[in-house]
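Read the structure below first, then the notes.
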Amino acid sequence: MQSVPLSAISAWLASDRPFAQGAALYAAVGPSDTYKRLFGLAATDYSRQVLERELRALVHDVPAQVAAVAPPPPPAPPVAVVPAAVSAPAPAGADSPLLVDVRQQLKAVRDERSHIHPQLTGKNVGTKARQAVALRIVELTDQEVALKAAEAHVLAHGRLPGPVATADVEDEGELRRRLLNLRSRRSRLRQRPERADDLATVKAEITLIESKLKSLKS
C-alpha cells in the first residue's frame, strides 16, 4: 500500500475531481480490486460517480475505523494546518506563544501516533482496520514534518512560515501581481455558485488591494 494522506483525497474531492488523479488515489489506498480495474478503464459517467462515492467513503470511514480499533488518546491541543502569519521583527524565544503553540501541536501529533501504532500488530485487527491505522499514521507523520519545519522557522524568524498577509504587503509590484491572480480567480468562481463564500473572500481581498494601491499613489 502506498502512502497517501487523507488530505490528498479530501483535496481531490474539493477540486474539479479529475478522473485520472482520483483513479490513482484509489489505486493507492482502495480495498477493491474490482473498482481498481474499473477505474483503470476510460472514464464514463458511471465510473466517475463510483470513484467519487468510493473516495468519499474512504475519507469518512478511515477515522471511524481508527476510533473503533483504539480508544481516543488523552485530550490534547488540536492539530491544525500551520496558518500564514504576519512577520515578526526578531527570532522567537523559548517562551514565545507561537513557539509554545507549535510545540504543543507537535506533542499532540506524536502522542496520537504512539497511541495507535501498536494496533498495526494487535491481535484480532482486520486488514481493513489495519489499513485505516496505517493511513492515519502516515497522515500524522506528514503533520509532524510540517510542524517541525514550523518550529524551526519560528525559532529563526519569530513567525510562522507562509506568505505575508496582503494587509502587510507594501510593495506595489507584489500587490499588482496578487491583484491580477485574484481577478482571474474571481472570474472562475463566478461560474461556481456553490463556492459563494470563496468568491466573497476573493472580492474582499481585491477591494483591500485596490485600496492599498490608491493609497500608495496618493
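Letters for chains follow the order of the C-alpha cells (A, B, ...), residue numbers begin at 1 for each chain, and ligand numbers begin at 1 in the order shown.
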Spatial neighbours of Arg186 in chain A, 8 Å, only C-alpha atoms, chain gap at least 6 places, as a PyMOL selection string: chain A and resi 199+202-203
Residue neighbourhood Gly40 in chain A, 12 Å, only C-alpha atoms, exclusion window fewer than 3 positions, as a list in words: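 What passes the distance filter is Phe19, Ala20, Gln21, Gly22, Ala23, Ala24, Leu25, Tyr26, Ala27, Asp33, Thr34, Tyr35, Lys36, Arg37, Ala43, Thr44, Ser47, Arg48 and Leu51 of chain A.
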Distance in Å - CA of Leu208 in chain A versus CA of Pro97 in chain A: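 That distance, rounded to one decimal, is 28.7 Å.
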